[in-house]
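Colleague: Structure file input_0.cif, mmCIF, C-alpha atoms (C1' of nucleotides), is pasted below:
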```cif
data_data
#
loop_
_atom_site.label_atom_id
_atom_site.label_comp_id
_atom_site.auth_asym_id
_atom_site.auth_seq_id
_atom_site.Cartn_x
_atom_site.Cartn_y
_atom_site.Cartn_z
CA MET A 1 0.00 0.00 0.00
CA LEU A 2 1.31 3.41 -1.00
CA ILE A 3 1.27 5.74 1.99
CA GLY A 4 3.20 8.66 3.36
CA GLU A 5 4.46 12.00 2.17
CA TYR A 6 7.88 12.88 0.80
CA ILE A 7 9.50 16.06 -0.48
CA HIS A 8 11.86 15.45 -3.37
CA THR A 9 13.84 17.52 -5.81
CA ILE A 10 13.15 17.83 -9.51
CA ASP A 11 16.47 18.58 -11.20
CA GLU A 12 17.20 20.50 -14.39
CA LYS A 13 16.78 17.34 -16.38
CA ASN A 14 13.27 16.81 -15.02
CA ARG A 15 14.35 13.84 -12.97
CA MET A 16 12.64 13.04 -9.69
CA SER A 17 13.45 10.11 -7.49
CA LEU A 18 10.55 8.13 -6.23
CA PRO A 19 10.51 7.38 -2.52
CA ALA A 20 12.36 4.14 -1.96
CA LYS A 21 9.36 2.82 -0.08
CA PHE A 22 7.21 3.08 -3.19
CA ARG A 23 9.51 1.47 -5.70
CA LYS A 24 8.73 -2.15 -5.20
CA GLU A 25 5.01 -1.64 -5.51
CA LEU A 26 5.27 0.66 -8.52
CA GLY A 27 7.33 -1.73 -10.59
CA LYS A 28 9.37 -0.75 -13.62
CA LYS A 29 6.95 1.30 -15.66
CA ILE A 30 4.33 3.70 -14.48
CA ILE A 31 1.68 5.93 -15.99
CA ILE A 32 1.60 9.54 -14.96
CA THR A 33 -1.43 11.69 -15.71
CA PRO A 34 -3.01 14.95 -14.71
CA GLY A 35 -5.20 14.19 -11.77
CA LEU A 36 -8.34 15.85 -10.69
CA GLY A 37 -7.31 18.93 -8.78
CA GLN A 38 -3.89 20.55 -8.88
CA CYS A 39 -1.78 17.43 -8.90
CA LEU A 40 -0.55 14.52 -10.98
CA PHE A 41 -1.52 10.90 -10.52
CA ILE A 42 0.96 8.08 -10.80
CA PHE A 43 -0.54 4.69 -11.52
CA THR A 44 0.99 1.27 -11.80
CA ASN A 45 0.47 -0.33 -15.16
CA LYS A 46 -2.14 -2.62 -13.76
CA GLU A 47 -4.04 0.14 -12.06
CA TRP A 48 -3.91 2.22 -15.23
CA GLU A 49 -5.35 -0.56 -17.33
CA LYS A 50 -8.26 -0.76 -14.99
CA VAL A 51 -8.78 2.97 -15.08
CA SER A 52 -8.38 3.39 -18.80
CA LYS A 53 -10.64 0.51 -19.59
CA LYS A 54 -13.36 2.10 -17.57
CA LEU A 55 -12.83 5.45 -19.17
CA SER A 56 -12.70 4.47 -22.78
CA ASP A 57 -15.87 2.61 -23.44
CA SER A 58 -13.98 -0.37 -24.75
CA ASP A 59 -16.80 -2.07 -26.58
CA ASN A 60 -17.16 0.81 -28.93
CA ASP A 61 -14.39 1.22 -31.45
CA LEU A 62 -15.96 4.39 -32.69
CA SER A 63 -15.92 6.27 -29.45
CA PHE A 64 -14.44 9.23 -31.28
CA LEU A 65 -17.80 9.87 -32.89
CA LYS A 66 -19.25 11.11 -29.65
CA ALA A 67 -18.03 14.55 -28.75
CA ASP A 68 -18.11 14.01 -25.02
CA GLN A 69 -16.21 10.80 -25.22
CA ARG A 70 -13.75 12.33 -27.64
CA ASN A 71 -13.03 15.22 -25.35
CA PHE A 72 -12.67 13.08 -22.32
CA ASN A 73 -10.31 10.66 -23.99
CA ARG A 74 -8.24 13.53 -25.23
CA TYR A 75 -8.09 14.79 -21.71
CA MET A 76 -7.14 11.47 -20.16
CA PHE A 77 -4.85 9.94 -22.76
CA GLY A 78 -3.46 12.98 -24.48
CA ARG A 79 -2.04 14.23 -21.27
CA ALA A 80 -0.74 11.01 -19.86
CA ALA A 81 2.75 9.60 -20.14
CA GLU A 82 4.19 6.14 -19.83
CA VAL A 83 7.40 6.50 -17.91
CA GLU A 84 10.21 4.08 -17.09
CA ILE A 85 11.80 4.06 -13.70
CA ASP A 86 15.58 4.17 -14.08
CA SER A 87 18.12 1.95 -12.35
CA ILE A 88 18.24 4.11 -9.24
CA GLY A 89 14.54 4.80 -8.89
CA ARG A 90 14.05 8.06 -10.73
CA ILE A 91 11.46 9.07 -13.30
CA LEU A 92 11.29 11.84 -15.87
CA ILE A 93 8.36 14.20 -15.60
CA PRO A 94 7.32 15.56 -19.01
CA ASP A 95 7.34 19.33 -19.30
CA PHE A 96 3.69 19.55 -20.20
CA LEU A 97 2.76 17.84 -16.95
CA LYS A 98 5.13 19.97 -14.92
CA GLU A 99 3.53 23.05 -16.36
CA ARG A 100 0.04 21.89 -15.70
CA ILE A 101 0.45 21.81 -11.95
CA GLY A 102 3.14 24.45 -11.67
CA LEU A 103 5.99 22.17 -10.64
CA LYS A 104 9.37 23.80 -10.17
CA ASN A 105 12.28 22.56 -8.05
CA THR A 106 10.59 20.49 -5.42
CA ALA A 107 7.56 18.26 -5.35
CA ALA A 108 5.50 16.66 -2.67
CA ILE A 109 5.02 12.98 -3.38
CA VAL A 110 2.08 11.52 -1.60
CA GLY A 111 0.97 7.92 -1.39
CA VAL A 112 -2.80 7.53 -1.56
CA LYS A 113 -3.52 3.83 -1.17
CA ASP A 114 -3.13 2.53 -4.73
CA ARG A 115 -1.90 5.61 -6.49
CA VAL A 116 0.70 8.27 -5.89
CA GLU A 117 0.06 11.97 -6.16
CA VAL A 118 2.61 14.60 -7.12
CA TRP A 119 2.07 18.17 -5.95
CA ASN A 120 3.77 21.48 -6.13
CA GLU A 121 5.19 21.58 -2.62
CA LYS A 122 3.54 24.81 -1.65
CA LYS A 123 0.17 23.85 -3.02
CA TRP A 124 0.39 20.60 -1.17
CA SER A 125 0.95 22.30 2.18
CA GLU A 126 -1.96 24.60 1.48
CA GLU A 127 -4.09 21.64 0.59
CA LYS A 128 -3.07 19.94 3.80
CA GLU A 129 -3.96 22.95 5.91
CA LEU A 130 -7.29 23.15 4.24
CA VAL A 131 -8.04 19.52 4.82
CA GLU A 132 -6.87 19.75 8.43
CA LYS A 133 -9.13 22.67 9.14
CA GLN A 134 -12.02 20.87 7.61
CA ALA A 135 -11.16 17.84 9.65
CA GLU A 136 -11.12 19.83 12.89
CA ALA A 137 -14.38 21.48 12.09
CA LEU A 138 -15.82 18.13 11.29
CA ALA A 139 -14.54 16.63 14.48
CA GLU A 140 -16.09 19.43 16.54
CA LYS A 141 -19.33 19.07 14.73
CA LEU A 142 -19.33 15.40 15.40
CA ALA A 143 -18.41 15.91 19.05
CA LYS A 144 -21.61 17.80 19.72
CA MET B 1 -0.85 2.55 -26.21
CA LEU B 2 -0.46 5.97 -27.81
CA ILE B 3 -0.41 8.59 -25.10
CA GLY B 4 1.12 11.96 -24.41
CA GLU B 5 1.69 15.25 -26.12
CA TYR B 6 4.59 16.42 -28.25
CA ILE B 7 5.34 19.66 -30.08
CA HIS B 8 7.14 19.15 -33.39
CA THR B 9 8.15 21.25 -36.35
CA ILE B 10 6.72 21.05 -39.83
CA ASP B 11 9.41 22.12 -42.26
CA GLU B 12 9.13 23.81 -45.65
CA LYS B 13 8.89 20.42 -47.28
CA ASN B 14 5.88 19.47 -45.16
CA ARG B 15 7.88 16.95 -43.21
CA MET B 16 7.05 16.24 -39.60
CA SER B 17 8.78 13.74 -37.39
CA LEU B 18 6.58 11.50 -35.36
CA PRO B 19 7.45 11.17 -31.69
CA ALA B 20 9.94 8.35 -31.28
CA LYS B 21 7.69 6.83 -28.66
CA PHE B 22 4.91 6.35 -31.21
CA ARG B 23 6.91 4.85 -34.05
CA LYS B 24 6.93 1.24 -33.05
CA GLU B 25 3.18 1.11 -32.61
CA LEU B 26 2.44 3.05 -35.78
CA GLY B 27 4.49 0.80 -38.02
CA LYS B 28 5.61 1.75 -41.49
CA LYS B 29 2.47 3.10 -43.09
CA ILE B 30 -0.28 5.13 -41.55
CA ILE B 31 -3.60 6.63 -42.55
CA ILE B 32 -4.09 10.31 -41.99
CA THR B 33 -7.54 11.84 -42.24
CA PRO B 34 -9.37 14.96 -41.27
CA GLY B 35 -10.50 14.32 -37.74
CA LEU B 36 -13.47 15.46 -35.77
CA GLY B 37 -12.73 18.77 -34.19
CA GLN B 38 -9.99 21.03 -35.46
CA CYS B 39 -7.41 18.31 -35.89
CA LEU B 40 -6.22 15.42 -38.01
CA PHE B 41 -6.45 11.77 -37.06
CA ILE B 42 -3.65 9.33 -37.66
CA PHE B 43 -4.53 5.66 -37.55
CA THR B 44 -2.44 2.56 -37.87
CA ASN B 45 -3.39 0.42 -40.82
CA LYS B 46 -5.05 -2.06 -38.53
CA GLU B 47 -7.01 0.50 -36.64
CA TRP B 48 -8.09 2.14 -39.88
CA GLU B 49 -9.44 -1.12 -41.18
CA LYS B 50 -11.51 -1.51 -38.06
CA VAL B 51 -12.77 2.02 -38.26
CA SER B 52 -13.54 1.99 -41.94
CA LYS B 53 -15.28 -1.33 -41.72
CA LYS B 54 -17.52 -0.05 -39.00
CA LEU B 55 -18.21 3.20 -40.75
CA SER B 56 -19.15 1.69 -44.05
CA ASP B 57 -21.17 -1.10 -42.56
CA SER B 58 -24.69 -0.07 -43.42
CA ASP B 59 -26.34 -1.92 -40.58
CA ASN B 60 -24.14 -0.50 -37.94
CA ASP B 61 -25.66 1.00 -34.88
CA LEU B 62 -24.86 4.57 -35.71
CA SER B 63 -28.42 5.24 -36.73
CA PHE B 64 -27.35 7.67 -39.36
CA LEU B 65 -29.67 8.74 -42.05
CA LYS B 66 -28.48 7.34 -45.30
CA ALA B 67 -27.60 10.71 -46.67
CA ASP B 68 -25.76 11.67 -43.55
CA GLN B 69 -23.78 8.50 -43.65
CA ARG B 70 -22.91 9.06 -47.26
CA ASN B 71 -21.68 12.52 -46.52
CA PHE B 72 -19.77 11.43 -43.52
CA ASN B 73 -18.06 8.67 -45.40
CA ARG B 74 -17.15 11.08 -48.12
CA TYR B 75 -15.61 13.24 -45.48
CA MET B 76 -13.64 10.48 -43.82
CA PHE B 77 -12.62 8.43 -46.83
CA GLY B 78 -12.43 11.01 -49.51
CA ARG B 79 -9.75 12.94 -47.79
CA ALA B 80 -7.82 10.17 -46.15
CA ALA B 81 -4.26 9.68 -47.25
CA GLU B 82 -2.03 6.68 -46.88
CA VAL B 83 1.37 7.94 -45.84
CA GLU B 84 4.72 6.20 -45.50
CA ILE B 85 6.99 6.86 -42.59
CA ASP B 86 10.51 7.51 -43.83
CA SER B 87 13.71 5.96 -42.53
CA ILE B 88 14.10 8.44 -39.72
CA GLY B 89 10.48 8.57 -38.60
CA ARG B 90 9.05 11.48 -40.56
CA ILE B 91 5.85 11.75 -42.55
CA LEU B 92 4.66 14.15 -45.22
CA ILE B 93 1.48 16.01 -44.46
CA PRO B 94 -0.54 16.74 -47.58
CA ASP B 95 -1.22 20.41 -48.16
CA PHE B 96 -4.98 20.06 -48.20
CA LEU B 97 -4.91 18.56 -44.74
CA LYS B 98 -2.55 21.22 -43.45
CA GLU B 99 -4.86 23.88 -44.70
CA ARG B 100 -7.89 22.25 -43.25
CA ILE B 101 -6.70 22.63 -39.68
CA GLY B 102 -4.53 25.69 -40.17
CA LEU B 103 -1.18 24.03 -39.66
CA LYS B 104 1.85 26.24 -40.02
CA ASN B 105 5.30 25.72 -38.52
CA THR B 106 4.60 23.71 -35.42
CA ALA B 107 2.12 21.02 -34.57
CA ALA B 108 0.96 19.40 -31.39
CA ILE B 109 0.99 15.64 -31.77
CA VAL B 110 -1.26 13.95 -29.29
CA GLY B 111 -1.65 10.28 -28.54
CA VAL B 112 -5.23 9.34 -27.71
CA LYS B 113 -5.10 5.62 -26.94
CA ASP B 114 -5.26 4.04 -30.37
CA ARG B 115 -5.10 7.07 -32.60
CA VAL B 116 -2.89 10.09 -32.89
CA GLU B 117 -4.19 13.59 -33.32
CA VAL B 118 -2.38 16.46 -35.00
CA TRP B 119 -3.25 20.01 -33.97
CA ASN B 120 -2.22 23.50 -34.70
CA GLU B 121 -0.23 24.15 -31.57
CA LYS B 122 -2.19 27.15 -30.47
CA LYS B 123 -5.54 25.51 -31.07
CA TRP B 124 -4.39 22.54 -29.06
CA SER B 125 -3.59 24.64 -26.04
CA GLU B 126 -6.95 26.35 -26.34
CA GLU B 127 -8.64 23.00 -26.64
CA LYS B 128 -6.82 21.79 -23.57
CA GLU B 129 -8.00 24.71 -21.51
CA LEU B 130 -11.52 24.19 -22.69
CA VAL B 131 -11.57 20.50 -21.95
CA GLU B 132 -9.92 21.09 -18.61
CA LYS B 133 -12.80 23.26 -17.60
CA GLN B 134 -15.33 20.73 -18.77
CA ALA B 135 -13.47 17.75 -17.41
CA GLU B 136 -15.20 17.45 -14.11
CA ALA B 137 -18.61 17.90 -15.58
CA LEU B 138 -17.71 15.41 -18.26
CA ALA B 139 -16.46 12.88 -15.77
CA GLU B 140 -19.77 13.03 -13.99
CA LYS B 141 -21.71 12.77 -17.18
CA LEU B 142 -19.76 9.75 -18.35
CA ALA B 143 -19.98 8.14 -14.96
CA LYS B 144 -23.68 7.72 -15.49
"C1'" DA C 1 35.71 6.21 11.41
"C1'" DA C 2 33.92 3.30 7.90
"C1'" DC C 3 29.70 1.44 5.93
"C1'" DT C 4 25.17 1.59 3.99
"C1'" DA C 5 21.03 3.47 1.94
"C1'" DG C 6 18.56 7.04 -0.11
"C1'" DG C 7 18.72 11.07 -2.63
"C1'" DT C 8 21.08 14.56 -5.83
"C1'" DG C 9 24.07 16.22 -9.56
"C1'" DG C 10 26.94 16.12 -13.73
"C1'" DG C 11 29.58 14.48 -17.86
"C1'" DA C 12 29.83 11.60 -21.95
"C1'" DA C 13 27.50 8.78 -25.20
"C1'" DA C 14 23.43 7.84 -27.73
"C1'" DA C 15 19.14 9.07 -29.72
"C1'" DA C 16 15.80 12.28 -31.49
"C1'" DG C 17 14.59 16.12 -34.07
"C1'" DT C 18 15.65 19.48 -37.69
"C1'" DG C 19 17.54 21.33 -41.93
"C1'" DG C 20 19.54 21.29 -46.48
"C1'" DG C 21 21.69 19.63 -50.79
"C1'" DA C 22 21.82 16.44 -54.66
"C1'" DA C 23 19.65 12.78 -57.27
"C1'" DA C 24 15.45 11.15 -59.13
"C1'" DT C 25 10.96 11.88 -60.71
"C1'" DA C 26 7.35 14.42 -62.43
"C1'" DT C 27 5.33 18.53 -64.83
"C1'" DA C 28 5.27 22.02 -68.13
"C1'" DA C 29 6.93 24.57 -72.19
"C1'" DT C 30 8.93 24.89 -76.57
"C1'" DA D 1 10.28 14.58 -78.45
"C1'" DT D 2 13.37 17.39 -76.01
"C1'" DT D 3 14.56 20.77 -72.94
"C1'" DA D 4 13.61 23.34 -69.04
"C1'" DT D 5 11.47 23.84 -64.55
"C1'" DA D 6 9.50 22.31 -60.52
"C1'" DT D 7 8.58 18.73 -57.09
"C1'" DT D 8 9.65 14.73 -54.51
"C1'" DT D 9 12.81 11.48 -52.55
"C1'" DC D 10 16.93 10.08 -50.51
"C1'" DC D 11 20.78 10.79 -47.90
"C1'" DC D 12 23.92 13.20 -44.96
"C1'" DA D 13 25.02 16.55 -41.31
"C1'" DC D 14 24.14 19.57 -37.45
"C1'" DT D 15 21.99 20.59 -32.96
"C1'" DT D 16 19.48 19.55 -29.10
"C1'" DT D 17 17.64 16.35 -25.97
"C1'" DT D 18 17.67 12.14 -23.61
"C1'" DT D 19 19.90 8.28 -21.59
"C1'" DC D 20 23.35 5.96 -19.14
"C1'" DC D 21 26.74 5.71 -15.90
"C1'" DC D 22 29.47 7.24 -12.19
"C1'" DA D 23 30.45 10.25 -8.24
"C1'" DC D 24 29.08 12.85 -4.33
"C1'" DC D 25 26.49 14.15 -0.18
"C1'" DT D 26 23.93 13.44 3.94
"C1'" DA D 27 21.97 10.81 7.65
"C1'" DG D 28 21.59 6.86 10.17
"C1'" DT D 29 24.42 2.31 11.69
"C1'" DT D 30 27.93 -0.68 12.96
#
```
Translate the structure described by the file into structure tokens.
Modeller:
Amino acid sequence: MLIGEYIHTIDEKNRMSLPAKFRKELGKKIIITPGLGQCLFIFTNKEWEKVSKKLSDSDNDLSFLKADQRNFNRYMFGRAAEVEIDSIGRILIPDFLKERIGLKNTAAIVGVKDRVEVWNEKKWSEEKELVEKQAEALAEKLAK
Amino acid sequence: MLIGEYIHTIDEKNRMSLPAKFRKELGKKIIITPGLGQCLFIFTNKEWEKVSKKLSDSDNDLSFLKADQRNFNRYMFGRAAEVEIDSIGRILIPDFLKERIGLKNTAAIVGVKDRVEVWNEKKWSEEKELVEKQAEALAEKLAK
DNA sequence: AACTAGGTGGGAAAAAGTGGGAAATATAAT
DNA sequence: ATTATATTTCCCACTTTTTCCCACCTAGTT
């Protein structure tokens, strides 16, 4: 199970090492896509096949005839990347994905059960604060 | 699987190199046609056979009016071109297809599962923004 | 202190992308 | 039919990017 939060560097060559704890589970190749919200999703190959099968109405070879389907597939596949993990556990993050979530020098890498999320470090800490506050409020509400 | 986005040049001879990552899957010959939306579709030979079979099959489930179907087929087949990939991975893009989608010096080449789309770079980034905005709504819609 | 493990950085080699000239083919003009 | 002109194809060369490998740094251990 992929859990925990790590802050890693993205160097000038767009390389980012994956947390050692994640490597075994992620395998040799991963799929990295824009996620919902301001982050990227990293899927294992297996996980991705599940996801993509669901998304792309697989018993319709002509899915491109439907505008909605076309747009969604463009969104999901056009902005995904299949990435190899190198011999020491690093991946390359394509520029177009870096740009999408405003990645610069450092990234927050977060395990979320069966996927990994990649955040701009600052945005991640904001997100955390937000979620914490909501959690506290929720807790109080529940305490009553 | 064809995924990801690449920006390539189209030179004065109408040559455009295909992303190295796509070449294996695309093979030696491809079919390039006007796509739906402001882009071109590139299919592998195999994929094209599937698509064209389905499209021309008169008892398919597309519930087109006959005239509509005729026109659509004219659109898809009449302007499709079979194109060879040269020894270093480039193709020639016919002028009439360039004109159709307003291609100039650079193109966005986008893998969408089992087809490739070619966009005017600027239009592609506009399209991305648009789809991004619609994505959540779309996801919900498709989830149904 | 030396060792190990995880993370970071950099140089050299290889691959990918781009451009341009010459040969081959096609098109047009005389 | 022949020459001239344009277009396409093939090949080579340059530049940039990517990949591969090795070295270093830091923190925790022996």
Colleague: Quick check on the file I pasted: which residues fall under the PyMOL selection byres ((chain C and resi 6) around 10)? Write them as a JSON list (two decimals) with C-alpha atoms (C1' of nucleotides), keeping the file's coordinate frame.
Modeller:
```json
[["chain", "number", "residue", "atom", "x", "y", "z"],
["A", 17, "SER", "CA", 13.45, 10.11, -7.49],
["A", 19, "PRO", "CA", 10.51, 7.38, -2.52],
["A", 20, "ALA", "CA", 12.36, 4.14, -1.96],
["A", 88, "ILE", "CA", 18.24, 4.11, -9.24],
["A", 89, "GLY", "CA", 14.54, 4.80, -8.89],
["C", 4, "DT", "C1'", 25.17, 1.59, 3.99],
["C", 5, "DA", "C1'", 21.03, 3.47, 1.94],
["C", 7, "DG", "C1'", 18.72, 11.07, -2.63],
["C", 8, "DT", "C1'", 21.08, 14.56, -5.83],
["D", 26, "DT", "C1'", 23.93, 13.44, 3.94],
["D", 27, "DA", "C1'", 21.97, 10.81, 7.65]]
```
Colleague: Would you kindly report the residues of chain D within 10 Å of chain B, using all atoms listed in the file, as a PyMOL selection string?
Modeller: chain D and resi 7-10
Colleague: Please evaluate the PyMOL selection byres ((chain D and resi 1-6) around 10) against the displayed coordinates and give the resulting residues as a list of chain:residue names.
Modeller: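 When the PyMOL selection byres ((chain D and resi 1-6) around 10) is applied to the shown file, the picked residues are C:DA26, C:DT27, C:DA28, C:DA29, C:DT30, D:DT7, D:DT8.
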Colleague: Would you mind telling me which residue in A:Leu62, A:Ile101, A:Met76, A:Leu138 lies nearest to Trp119 in chain A when using all atoms listed in the file?
Modeller: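 That would be A:Ile101, the residue with the smallest distance to Trp119 in chain A.
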Colleague: CA of Ala108 in chain A and CA of Glu132 in chain B are how many Å apart?
Modeller: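 It comes out at 22.6 Å.
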Colleague: Counting all atoms listed in the file, write as a list in words all protein and nucleic acid residues lying at most 10 Å from (24.7, 14.0, -43.2) in the file's frame.
Modeller: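 Selection result: DG20 and DG21 of chain C; DC11, DC12, DA13 and DC14 of chain D.
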Colleague: So these two share a sequence; what Cα RMSD do you get laying chain A over chain B, all Cα, in order, least squares?
Modeller: 4.4 Å
Colleague: Point out the residue among B:Val112, B:Ala80, B:Ile42, B:Ala137 with the least atom-to-atom distance to chain A, counting all atoms listed in the file.
Modeller: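 Nearest to chain A: B:Val112.
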Colleague: Could you list, as a VMD selection string, every residue matched by the PyMOL selection byres ((chain C) within 10 of (chain B)) in this structure?
Modeller: chain C and resid 15 to 19
Colleague: For Trp124 in chain B, please output as a list in words all residues within 10 Å (counting only C-alpha atoms (C1' of nucleotides); exclusion window: fewer than 2 positions along the same chain).
Modeller: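 Here the qualifying residues turn out to be Glu5, Gln38, Cys39, Ala107, Ala108, Ile109, Val110, Glu117, Val118, Trp119, Asn120, Glu121, Lys122, Glu126, Glu127, Lys128, Glu129 and Leu130 of chain B.
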Colleague: May I have the residues from that selection written out with C-alpha atoms, as a compact mmCIF listing (two decimals), in the coordinates of the input?
Modeller:
```
# COMPACT_ATOMS: atom_id res chain seq x y z
CA GLU B 5 1.69 15.25 -26.12
CA GLN B 38 -9.99 21.03 -35.46
CA CYS B 39 -7.41 18.31 -35.89
CA ALA B 107 2.12 21.02 -34.57
CA ALA B 108 0.96 19.40 -31.39
CA ILE B 109 0.99 15.64 -31.77
CA VAL B 110 -1.26 13.95 -29.29
CA GLU B 117 -4.19 13.59 -33.32
CA VAL B 118 -2.38 16.46 -35.00
CA TRP B 119 -3.25 20.01 -33.97
CA ASN B 120 -2.22 23.50 -34.70
CA GLU B 121 -0.23 24.15 -31.57
CA LYS B 122 -2.19 27.15 -30.47
CA GLU B 126 -6.95 26.35 -26.34
CA GLU B 127 -8.64 23.00 -26.64
CA LYS B 128 -6.82 21.79 -23.57
CA GLU B 129 -8.00 24.71 -21.51
CA LEU B 130 -11.52 24.19 -22.69
```
Colleague: Work out how far apart CA of Phe64 in chain A and CA of Phe41 in chain A are and give it in Å to one decimal.
Modeller: 24.5 Å
Colleague: Using all atoms listed in the file, find which residues of chain B lie within 8 Å of chain A and jot them down as number ranges by chain.
Modeller: B: 2-5, 36, 50-51, 54, 110-113, 128, 131-132, 135-136, 138-139, 142
Colleague: Quick one, how far is CA of Leu103 in chain B from CA of Ile7 in chain B?
Modeller: 12.4 Å
Colleague: Please define a box with edges along x, y and z of the file around all atoms of range 77-87 of chain A given in the file, extend it by 4 Å on each side, and return its centre and edge lengths in Å to one decimal, as AutoDock Vina command-line options.
Modeller:
```
--center_x 6.6 --center_y 8.1 --center_z -18.4 --size_x 31.0 --size_y 20.3 --size_z 20.1
```
Colleague: Could you give me, as a list of chain:residue names, the residues within 10 Å of Glu25 in chain A, counting all atoms listed in the file and dropping anything in the same chain fewer than 6 positions from it?
Modeller: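 Listed by chain and then number, they are A:Met1, A:Leu2, A:Thr44, A:Asp114.
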Colleague: Please provide the set of residues having any atom within 10 Å of Gly27 in chain B, restricted to all atoms listed in the file, with same-chain residues fewer than 3 positions apart removed, written as number ranges by chain.
Modeller: B: 22-24, 30, 44-46, 84-85, 89
Colleague: If you count all atoms listed in the file, which residues fall within 12 Å of DA14 in chain C, apart from same-chain ones fewer than 3 positions away, as a list of chain:residue names?
Modeller: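 Residues near the query, excluding close chain neighbours: D:DT17, D:DT18, D:DT19, D:DC20.
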